[in-house]
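**Student:** Supplied structure: coords25.cif, mmCIF, C-alpha atoms.
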```cif
data_my_file
loop_
_atom_site.label_atom_id
_atom_site.label_comp_id
_atom_site.auth_asym_id
_atom_site.auth_seq_id
_atom_site.Cartn_x
_atom_site.Cartn_y
_atom_site.Cartn_z
CA MET A 951 0.00 0.00 0.00
CA LYS A 952 2.83 2.44 0.79
CA THR A 953 4.36 1.92 -2.67
CA GLU A 954 1.04 2.82 -4.32
CA ILE A 955 0.81 6.10 -2.39
CA ARG A 956 4.37 7.05 -3.33
CA ILE A 957 4.00 6.27 -7.03
CA VAL A 958 0.78 8.24 -7.53
CA PRO A 959 2.22 11.59 -6.30
CA GLN A 960 5.40 11.05 -8.31
CA LEU A 961 3.41 10.33 -11.48
CA PHE A 962 1.26 13.40 -10.78
CA ILE A 963 4.36 15.62 -10.42
CA LEU A 964 5.88 14.13 -13.58
CA ALA A 965 2.65 14.85 -15.50
CA LEU A 966 2.64 18.46 -14.21
CA VAL A 967 6.28 19.00 -15.27
CA ILE A 968 5.64 17.59 -18.76
CA GLY A 969 2.51 19.72 -19.11
CA ALA A 970 4.32 22.87 -18.00
CA MET A 971 7.18 22.23 -20.43
CA SER A 972 4.75 21.66 -23.30
CA LEU A 973 2.87 24.84 -22.50
CA ALA A 974 6.12 26.83 -22.37
CA GLY A 975 7.04 25.48 -25.82
CA VAL A 976 3.68 26.52 -27.26
CA VAL A 977 3.94 30.02 -25.80
CA LYS A 978 7.46 30.47 -27.15
CA ALA A 979 6.47 29.20 -30.60
CA GLU A 980 3.60 31.68 -30.73
CA THR A 981 5.75 34.71 -29.84
CA THR A 982 7.49 34.74 -33.23
CA PRO A 983 6.56 33.27 -36.61
CA THR A 984 9.64 31.03 -36.69
CA GLY A 985 9.36 29.95 -33.08
CA GLN A 986 12.69 31.65 -32.36
CA SER A 987 13.01 34.15 -29.61
CA SER A 988 14.02 37.55 -30.94
CA SER A 989 16.63 39.69 -29.23
CA LEU A 990 15.62 42.85 -31.07
CA SER A 991 14.87 45.97 -29.12
CA GLU A 992 11.54 47.70 -29.64
CA LYS A 993 13.45 50.52 -31.37
CA ASP A 994 14.94 48.06 -33.89
CA ARG A 995 11.53 46.52 -34.54
CA THR A 996 9.95 49.95 -35.05
CA PHE A 997 12.73 50.94 -37.44
CA MET A 998 12.27 47.74 -39.46
CA LYS A 999 8.52 48.28 -39.74
CA LYS A 1000 8.89 51.94 -40.75
CA ALA A 1001 11.62 51.07 -43.27
CA THR A 1002 9.36 48.41 -44.78
CA LYS A 1003 6.47 50.85 -45.15
CA GLY A 1004 8.75 53.47 -46.67
CA GLY A 1005 10.45 51.01 -49.01
CA THR A 1006 7.11 49.65 -50.19
CA MET A 1007 5.92 53.19 -50.84
CA GLU A 1008 9.09 54.03 -52.80
CA VAL A 1009 8.63 50.98 -55.04
CA ALA A 1010 4.96 51.76 -55.66
CA MET A 1011 5.66 55.43 -56.39
CA GLY A 1012 8.61 54.50 -58.58
CA ASN A 1013 6.39 52.19 -60.62
CA VAL A 1014 3.91 55.02 -61.21
CA ALA A 1015 6.66 57.55 -62.01
CA GLU A 1016 8.28 55.10 -64.41
CA LYS A 1017 5.08 54.99 -66.46
CA ASN A 1018 3.83 58.56 -66.15
CA GLY A 1019 6.43 61.22 -66.66
CA GLN A 1020 9.81 62.76 -67.13
CA SER A 1021 11.04 61.14 -63.91
CA ASP A 1022 10.86 57.65 -65.40
CA ALA A 1023 14.59 56.89 -65.02
CA PHE A 1024 14.49 58.06 -61.40
CA GLY A 1025 11.34 56.00 -60.81
CA LYS A 1026 13.01 52.91 -62.27
CA ARG A 1027 15.98 53.38 -59.97
CA MET A 1028 13.65 53.70 -56.97
CA VAL A 1029 11.98 50.42 -57.93
CA THR A 1030 15.28 48.58 -58.39
CA ASP A 1031 17.09 49.88 -55.31
CA HIS A 1032 14.15 49.78 -52.91
CA THR A 1033 13.07 46.31 -54.05
CA LYS A 1034 16.58 45.09 -53.25
CA ALA A 1035 16.55 46.80 -49.83
CA ASN A 1036 13.04 45.51 -49.08
CA ASP A 1037 14.10 41.94 -49.90
CA GLU A 1038 17.16 42.24 -47.66
CA LEU A 1039 15.07 43.63 -44.81
CA LYS A 1040 12.49 40.84 -45.22
CA SER A 1041 15.31 38.29 -44.93
CA ILE A 1042 16.62 39.89 -41.73
CA ALA A 1043 13.08 40.10 -40.32
CA SER A 1044 12.51 36.43 -41.07
CA GLN A 1045 15.73 35.46 -39.29
CA LYS A 1046 14.82 37.63 -36.30
CA GLY A 1047 11.18 36.53 -36.16
CA VAL A 1048 9.73 39.97 -36.91
CA GLN A 1049 6.43 40.30 -38.77
CA LEU A 1050 6.64 43.20 -41.22
CA PRO A 1051 3.66 45.13 -42.61
CA ALA A 1052 2.54 44.17 -46.12
CA LYS A 1053 0.00 46.89 -46.93
CA GLU A 1054 0.31 48.58 -50.34
CA PRO A 1055 0.13 52.39 -50.16
CA LYS A 1056 -2.36 54.53 -52.08
CA LEU A 1057 -0.51 56.99 -54.29
CA LYS A 1058 -1.31 60.14 -56.22
CA TRP A 1059 0.49 63.28 -57.27
CA THR A 1060 -0.17 65.97 -59.84
CA SER A 1061 3.16 66.41 -61.66
CA ASP A 1062 6.78 65.30 -61.93
CA LYS A 1063 7.70 68.28 -59.77
CA ALA A 1064 5.26 67.20 -57.06
CA TYR A 1065 6.72 63.65 -57.20
CA ILE A 1066 10.32 64.86 -56.98
CA ASP A 1067 9.45 67.31 -54.19
CA MET A 1068 7.94 64.38 -52.25
CA MET A 1069 11.05 62.28 -52.95
CA VAL A 1070 13.38 64.97 -51.62
CA LYS A 1071 11.34 65.46 -48.45
CA ASP A 1072 10.89 61.70 -47.93
CA HIS A 1073 14.56 60.85 -48.54
CA GLU A 1074 15.71 63.59 -46.15
CA LYS A 1075 13.52 62.09 -43.43
CA ASP A 1076 14.55 58.52 -44.30
CA LEU A 1077 18.24 59.37 -44.34
CA ALA A 1078 18.03 60.79 -40.81
CA GLU A 1079 16.18 57.66 -39.57
CA PHE A 1080 18.60 55.24 -41.23
CA LYS A 1081 21.65 57.09 -39.86
CA GLU A 1082 20.07 57.11 -36.39
CA GLU A 1083 19.47 53.34 -36.50
CA ALA A 1084 22.96 52.70 -37.89
CA SER A 1085 24.54 54.61 -35.01
CA SER A 1086 22.29 53.69 -32.09
CA GLY A 1087 20.44 50.47 -32.98
CA SER A 1088 21.06 47.42 -30.84
CA ASP A 1089 21.04 44.55 -33.35
CA PRO A 1090 24.21 44.29 -35.50
CA ASP A 1091 22.36 42.93 -38.57
CA VAL A 1092 19.78 45.72 -38.48
CA LYS A 1093 22.50 48.33 -37.88
CA LYS A 1094 24.49 47.07 -40.88
CA PHE A 1095 21.36 47.11 -43.05
CA ALA A 1096 20.63 50.68 -41.93
CA ASP A 1097 24.21 51.81 -42.58
CA ASP A 1098 24.40 50.18 -46.02
CA THR A 1099 20.97 51.45 -47.04
CA ALA A 1100 21.67 54.97 -45.76
CA LYS A 1101 24.37 55.23 -48.44
CA VAL A 1102 21.83 54.34 -51.13
CA VAL A 1103 19.27 56.74 -49.67
CA GLN A 1104 21.90 59.51 -49.76
CA LYS A 1105 22.49 58.83 -53.48
CA HIS A 1106 18.74 58.94 -54.09
CA LEU A 1107 18.47 62.24 -52.21
CA ASP A 1108 21.32 63.77 -54.20
CA LEU A 1109 19.76 62.61 -57.48
CA ALA A 1110 16.28 63.83 -56.47
CA LYS A 1111 17.70 67.26 -55.56
CA GLU A 1112 19.50 67.43 -58.90
CA ILE A 1113 16.26 66.64 -60.76
CA GLN A 1114 14.35 69.05 -58.53
CA GLY A 1115 16.72 71.85 -59.55
CA LYS A 1116 16.05 71.16 -63.23
CA LEU A 1117 12.25 71.12 -62.79
CA LYS A 1118 11.97 74.60 -61.17
#
```
Could the structure of this file be written out as structure tokens, please?
**Tutor:**
Amino acid sequence: MKTEIRIVPQLFILALVIGAMSLAGVVKAETTPTGQSSSLSEKDRTFMKKATKGGTMEVAMGNVAEKNGQSDAFGKRMVTDHTKANDELKSIASQKGVQLPAKEPKLKWTSDKAYIDMMVKDHEKDLAEFKEEASSGSDPDVKKFADDTAKVVQKHLDLAKEIQGKLK
């Protein structure tokens, strides 16, 4: 009789431990799409999400500009460069278990000048954000992406300002 009493509590404890471990695994798997725990700071995550939205917008606007006006070469470059950056960021996000936004922006402008003016303003803002992340982000992969992409954004800004000067 004593052996029966001892075995039942031990089996009960074993069942509780197994249940707790299973539950912990489920919770961890649900925290990120890949089931990996992410070490990214909230600032890094926010930067990645904003960069994705901006990059998606640049591609969409570039596609429209490529078809509609004098800024077609600039638009084509926006599509090419931002598609590459978006793909790189998606890869980093996948590795880090970050879900990025996928919403397509609604776009409209009245002229090439309006488009280029938007591009100058947007690239000035983006350049500041990318430089900030490159210097003060916490994840080395995200910081490298920000630093590398800031160089491309700077080239875009310089080109947009050059075009802007010709359109005045």
**Student:** The PyMOL selection byres ((chain A and resi 1063) around 12) - which residues does that actually catch in the file I just gave you? List them as a list of chain:residue names.
**Tutor:** A:Ala1015, A:Gly1019, A:Gln1020, A:Ser1021, A:Trp1059, A:Thr1060, A:Ser1061, A:Asp1062, A:Ala1064, A:Tyr1065, A:Ile1066, A:Asp1067, A:Met1068, A:Met1069, A:Val1070, A:Ala1110, A:Lys1111, A:Glu1112, A:Ile1113, A:Gln1114, A:Gly1115, A:Lys1116, A:Leu1117, A:Lys1118
**Student:** Would you write out those residues with C-alpha atoms, as a PDB file, in the frame of the given file?
**Tutor:**
```
ATOM      1  CA  ALA A1015       6.660  57.550 -62.010  1.00  0.00           C
ATOM      2  CA  GLY A1019       6.430  61.220 -66.660  1.00  0.00           C
ATOM      3  CA  GLN A1020       9.810  62.760 -67.130  1.00  0.00           C
ATOM      4  CA  SER A1021      11.040  61.140 -63.910  1.00  0.00           C
ATOM      5  CA  TRP A1059       0.490  63.280 -57.270  1.00  0.00           C
ATOM      6  CA  THR A1060      -0.170  65.970 -59.840  1.00  0.00           C
ATOM      7  CA  SER A1061       3.160  66.410 -61.660  1.00  0.00           C
ATOM      8  CA  ASP A1062       6.780  65.300 -61.930  1.00  0.00           C
ATOM      9  CA  ALA A1064       5.260  67.200 -57.060  1.00  0.00           C
ATOM     10  CA  TYR A1065       6.720  63.650 -57.200  1.00  0.00           C
ATOM     11  CA  ILE A1066      10.320  64.860 -56.980  1.00  0.00           C
ATOM     12  CA  ASP A1067       9.450  67.310 -54.190  1.00  0.00           C
ATOM     13  CA  MET A1068       7.940  64.380 -52.250  1.00  0.00           C
ATOM     14  CA  MET A1069      11.050  62.280 -52.950  1.00  0.00           C
ATOM     15  CA  VAL A1070      13.380  64.970 -51.620  1.00  0.00           C
ATOM     16  CA  ALA A1110      16.280  63.830 -56.470  1.00  0.00           C
ATOM     17  CA  LYS A1111      17.700  67.260 -55.560  1.00  0.00           C
ATOM     18  CA  GLU A1112      19.500  67.430 -58.900  1.00  0.00           C
ATOM     19  CA  ILE A1113      16.260  66.640 -60.760  1.00  0.00           C
ATOM     20  CA  GLN A1114      14.350  69.050 -58.530  1.00  0.00           C
ATOM     21  CA  GLY A1115      16.720  71.850 -59.550  1.00  0.00           C
ATOM     22  CA  LYS A1116      16.050  71.160 -63.230  1.00  0.00           C
ATOM     23  CA  LEU A1117      12.250  71.120 -62.790  1.00  0.00           C
ATOM     24  CA  LYS A1118      11.970  74.600 -61.170  1.00  0.00           C
TER      25      LYS A1118
END
```
**Student:** Can you work out the spacing between atom CA of A:Gln1104 and atom CA of A:His1032 in Å, to one decimal?
**Tutor:** 12.8 Å
**Student:** Would you mind telling me which residue in A:Glu992, A:Ser1041, A:His1106, A:Leu1057 lies nearest to A:Met1011 when using only C-alpha atoms?
**Tutor:**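 Among the listed residues, the smallest separation from A:Met1011 belongs to A:Leu1057.
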**Student:** Of the candidates A:Asp1097, A:Asp1076, A:Leu1039, A:Val1048, which shows the shortest atom-to-atom distance to A:Ser991, using all atoms listed in the file?
**Tutor:**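 Looking only at the distances to A:Ser991, the closest residue turns out to be A:Val1048.
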**Student:** Env of A:Ala1010: 10 Å cut, atoms = all atoms listed in the file, seq-sep filter 6 positions within chain, self excluded. Answer as a list in words.
**Tutor:**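 Returned residues: Gly1004, Glu1016, Gly1025, Met1028, Val1029, His1032, Thr1033, Glu1054, Pro1055, Lys1056 and Leu1057 of chain A.
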**Student:** Please provide as a list in words all residues within 9 Å of stretch 1091-1094 of chain A, with the sequence filter that same-chain residues fewer than 4 positions apart are discarded (counting all atoms listed in the file).
**Tutor:** Leu990, Asp994, Phe997, Met998, Leu1039, Ile1042, Ala1043, Phe1080, Glu1083, Ala1084, Ser1085, Ser1086, Gly1087, Asp1098 and Thr1099 of chain A
**Student:** Rounded to one decimal in Å, what is the spacing between atom CA of A:Lys999 and atom CA of A:Leu1050?
**Tutor:**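 Taking atom CA of A:Lys999 as the start and atom CA of A:Leu1050 as the end point, the length is 5.6 Å.
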**Student:** Give me, please, the distance in Å between atom CA of A:Lys1040 and atom CA of A:Lys1053, quoted to one decimal.
**Tutor:**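 Taking atom CA of A:Lys1040 and atom CA of A:Lys1053, their separation equals 14.0 Å.
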**Student:** Using all atoms listed in the file, which of the listed residues (A:Asn1018, A:Thr1002, A:Asp1072, A:Asp1108) sits closest to A:Glu1038?
**Tutor:**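 Of the candidates, the smallest distance to A:Glu1038 is held by A:Thr1002.
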**Student:** Return as lines of an AutoDock Vina configuration file the box centre and box size in Å, one decimal, for an axis-aligned box around all listed atoms of stretch 999-1002 of chain A padded by 5 Å per side.
**Tutor:**
```
center_x = 10.1
center_y = 50.1
center_z = -42.3
size_x = 13.1
size_y = 13.7
size_z = 15.0
```
**Student:** I'd like to know which of A:Ser989, A:Ser1088, A:Thr1030, A:Asn1036 is closest to A:Gly1005, using all atoms listed in the file.
**Tutor:** A:Asn1036
**Student:** Please extract stretch 968-1082 of chain A and write it out with C-alpha atoms, as a CSV table (one decimal), in the first residue's frame.
**Tutor:**
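selection31.csv, freshly written:
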```csv
chain,number,residue,atom,x,y,z
A,968,ILE,CA,5.6,17.6,-18.8
A,969,GLY,CA,2.5,19.7,-19.1
A,970,ALA,CA,4.3,22.9,-18.0
A,971,MET,CA,7.2,22.2,-20.4
A,972,SER,CA,4.8,21.7,-23.3
A,973,LEU,CA,2.9,24.8,-22.5
A,974,ALA,CA,6.1,26.8,-22.4
A,975,GLY,CA,7.0,25.5,-25.8
A,976,VAL,CA,3.7,26.5,-27.3
A,977,VAL,CA,3.9,30.0,-25.8
A,978,LYS,CA,7.5,30.5,-27.1
A,979,ALA,CA,6.5,29.2,-30.6
A,980,GLU,CA,3.6,31.7,-30.7
A,981,THR,CA,5.8,34.7,-29.8
A,982,THR,CA,7.5,34.7,-33.2
A,983,PRO,CA,6.6,33.3,-36.6
A,984,THR,CA,9.6,31.0,-36.7
A,985,GLY,CA,9.4,30.0,-33.1
A,986,GLN,CA,12.7,31.6,-32.4
A,987,SER,CA,13.0,34.2,-29.6
A,988,SER,CA,14.0,37.5,-30.9
A,989,SER,CA,16.6,39.7,-29.2
A,990,LEU,CA,15.6,42.8,-31.1
A,991,SER,CA,14.9,46.0,-29.1
A,992,GLU,CA,11.5,47.7,-29.6
A,993,LYS,CA,13.4,50.5,-31.4
A,994,ASP,CA,14.9,48.1,-33.9
A,995,ARG,CA,11.5,46.5,-34.5
A,996,THR,CA,9.9,49.9,-35.1
A,997,PHE,CA,12.7,50.9,-37.4
A,998,MET,CA,12.3,47.7,-39.5
A,999,LYS,CA,8.5,48.3,-39.7
A,1000,LYS,CA,8.9,51.9,-40.8
A,1001,ALA,CA,11.6,51.1,-43.3
A,1002,THR,CA,9.4,48.4,-44.8
A,1003,LYS,CA,6.5,50.9,-45.1
A,1004,GLY,CA,8.8,53.5,-46.7
A,1005,GLY,CA,10.4,51.0,-49.0
A,1006,THR,CA,7.1,49.6,-50.2
A,1007,MET,CA,5.9,53.2,-50.8
A,1008,GLU,CA,9.1,54.0,-52.8
A,1009,VAL,CA,8.6,51.0,-55.0
A,1010,ALA,CA,5.0,51.8,-55.7
A,1011,MET,CA,5.7,55.4,-56.4
A,1012,GLY,CA,8.6,54.5,-58.6
A,1013,ASN,CA,6.4,52.2,-60.6
A,1014,VAL,CA,3.9,55.0,-61.2
A,1015,ALA,CA,6.7,57.5,-62.0
A,1016,GLU,CA,8.3,55.1,-64.4
A,1017,LYS,CA,5.1,55.0,-66.5
A,1018,ASN,CA,3.8,58.6,-66.1
A,1019,GLY,CA,6.4,61.2,-66.7
A,1020,GLN,CA,9.8,62.8,-67.1
A,1021,SER,CA,11.0,61.1,-63.9
A,1022,ASP,CA,10.9,57.6,-65.4
A,1023,ALA,CA,14.6,56.9,-65.0
A,1024,PHE,CA,14.5,58.1,-61.4
A,1025,GLY,CA,11.3,56.0,-60.8
A,1026,LYS,CA,13.0,52.9,-62.3
A,1027,ARG,CA,16.0,53.4,-60.0
A,1028,MET,CA,13.6,53.7,-57.0
A,1029,VAL,CA,12.0,50.4,-57.9
A,1030,THR,CA,15.3,48.6,-58.4
A,1031,ASP,CA,17.1,49.9,-55.3
A,1032,HIS,CA,14.1,49.8,-52.9
A,1033,THR,CA,13.1,46.3,-54.0
A,1034,LYS,CA,16.6,45.1,-53.2
A,1035,ALA,CA,16.6,46.8,-49.8
A,1036,ASN,CA,13.0,45.5,-49.1
A,1037,ASP,CA,14.1,41.9,-49.9
A,1038,GLU,CA,17.2,42.2,-47.7
A,1039,LEU,CA,15.1,43.6,-44.8
A,1040,LYS,CA,12.5,40.8,-45.2
A,1041,SER,CA,15.3,38.3,-44.9
A,1042,ILE,CA,16.6,39.9,-41.7
A,1043,ALA,CA,13.1,40.1,-40.3
A,1044,SER,CA,12.5,36.4,-41.1
A,1045,GLN,CA,15.7,35.5,-39.3
A,1046,LYS,CA,14.8,37.6,-36.3
A,1047,GLY,CA,11.2,36.5,-36.2
A,1048,VAL,CA,9.7,40.0,-36.9
A,1049,GLN,CA,6.4,40.3,-38.8
A,1050,LEU,CA,6.6,43.2,-41.2
A,1051,PRO,CA,3.7,45.1,-42.6
A,1052,ALA,CA,2.5,44.2,-46.1
A,1053,LYS,CA,0.0,46.9,-46.9
A,1054,GLU,CA,0.3,48.6,-50.3
A,1055,PRO,CA,0.1,52.4,-50.2
A,1056,LYS,CA,-2.4,54.5,-52.1
A,1057,LEU,CA,-0.5,57.0,-54.3
A,1058,LYS,CA,-1.3,60.1,-56.2
A,1059,TRP,CA,0.5,63.3,-57.3
A,1060,THR,CA,-0.2,66.0,-59.8
A,1061,SER,CA,3.2,66.4,-61.7
A,1062,ASP,CA,6.8,65.3,-61.9
A,1063,LYS,CA,7.7,68.3,-59.8
A,1064,ALA,CA,5.3,67.2,-57.1
A,1065,TYR,CA,6.7,63.7,-57.2
A,1066,ILE,CA,10.3,64.9,-57.0
A,1067,ASP,CA,9.5,67.3,-54.2
A,1068,MET,CA,7.9,64.4,-52.2
A,1069,MET,CA,11.0,62.3,-53.0
A,1070,VAL,CA,13.4,65.0,-51.6
A,1071,LYS,CA,11.3,65.5,-48.5
A,1072,ASP,CA,10.9,61.7,-47.9
A,1073,HIS,CA,14.6,60.9,-48.5
A,1074,GLU,CA,15.7,63.6,-46.2
A,1075,LYS,CA,13.5,62.1,-43.4
A,1076,ASP,CA,14.5,58.5,-44.3
A,1077,LEU,CA,18.2,59.4,-44.3
A,1078,ALA,CA,18.0,60.8,-40.8
A,1079,GLU,CA,16.2,57.7,-39.6
A,1080,PHE,CA,18.6,55.2,-41.2
A,1081,LYS,CA,21.6,57.1,-39.9
A,1082,GLU,CA,20.1,57.1,-36.4
```
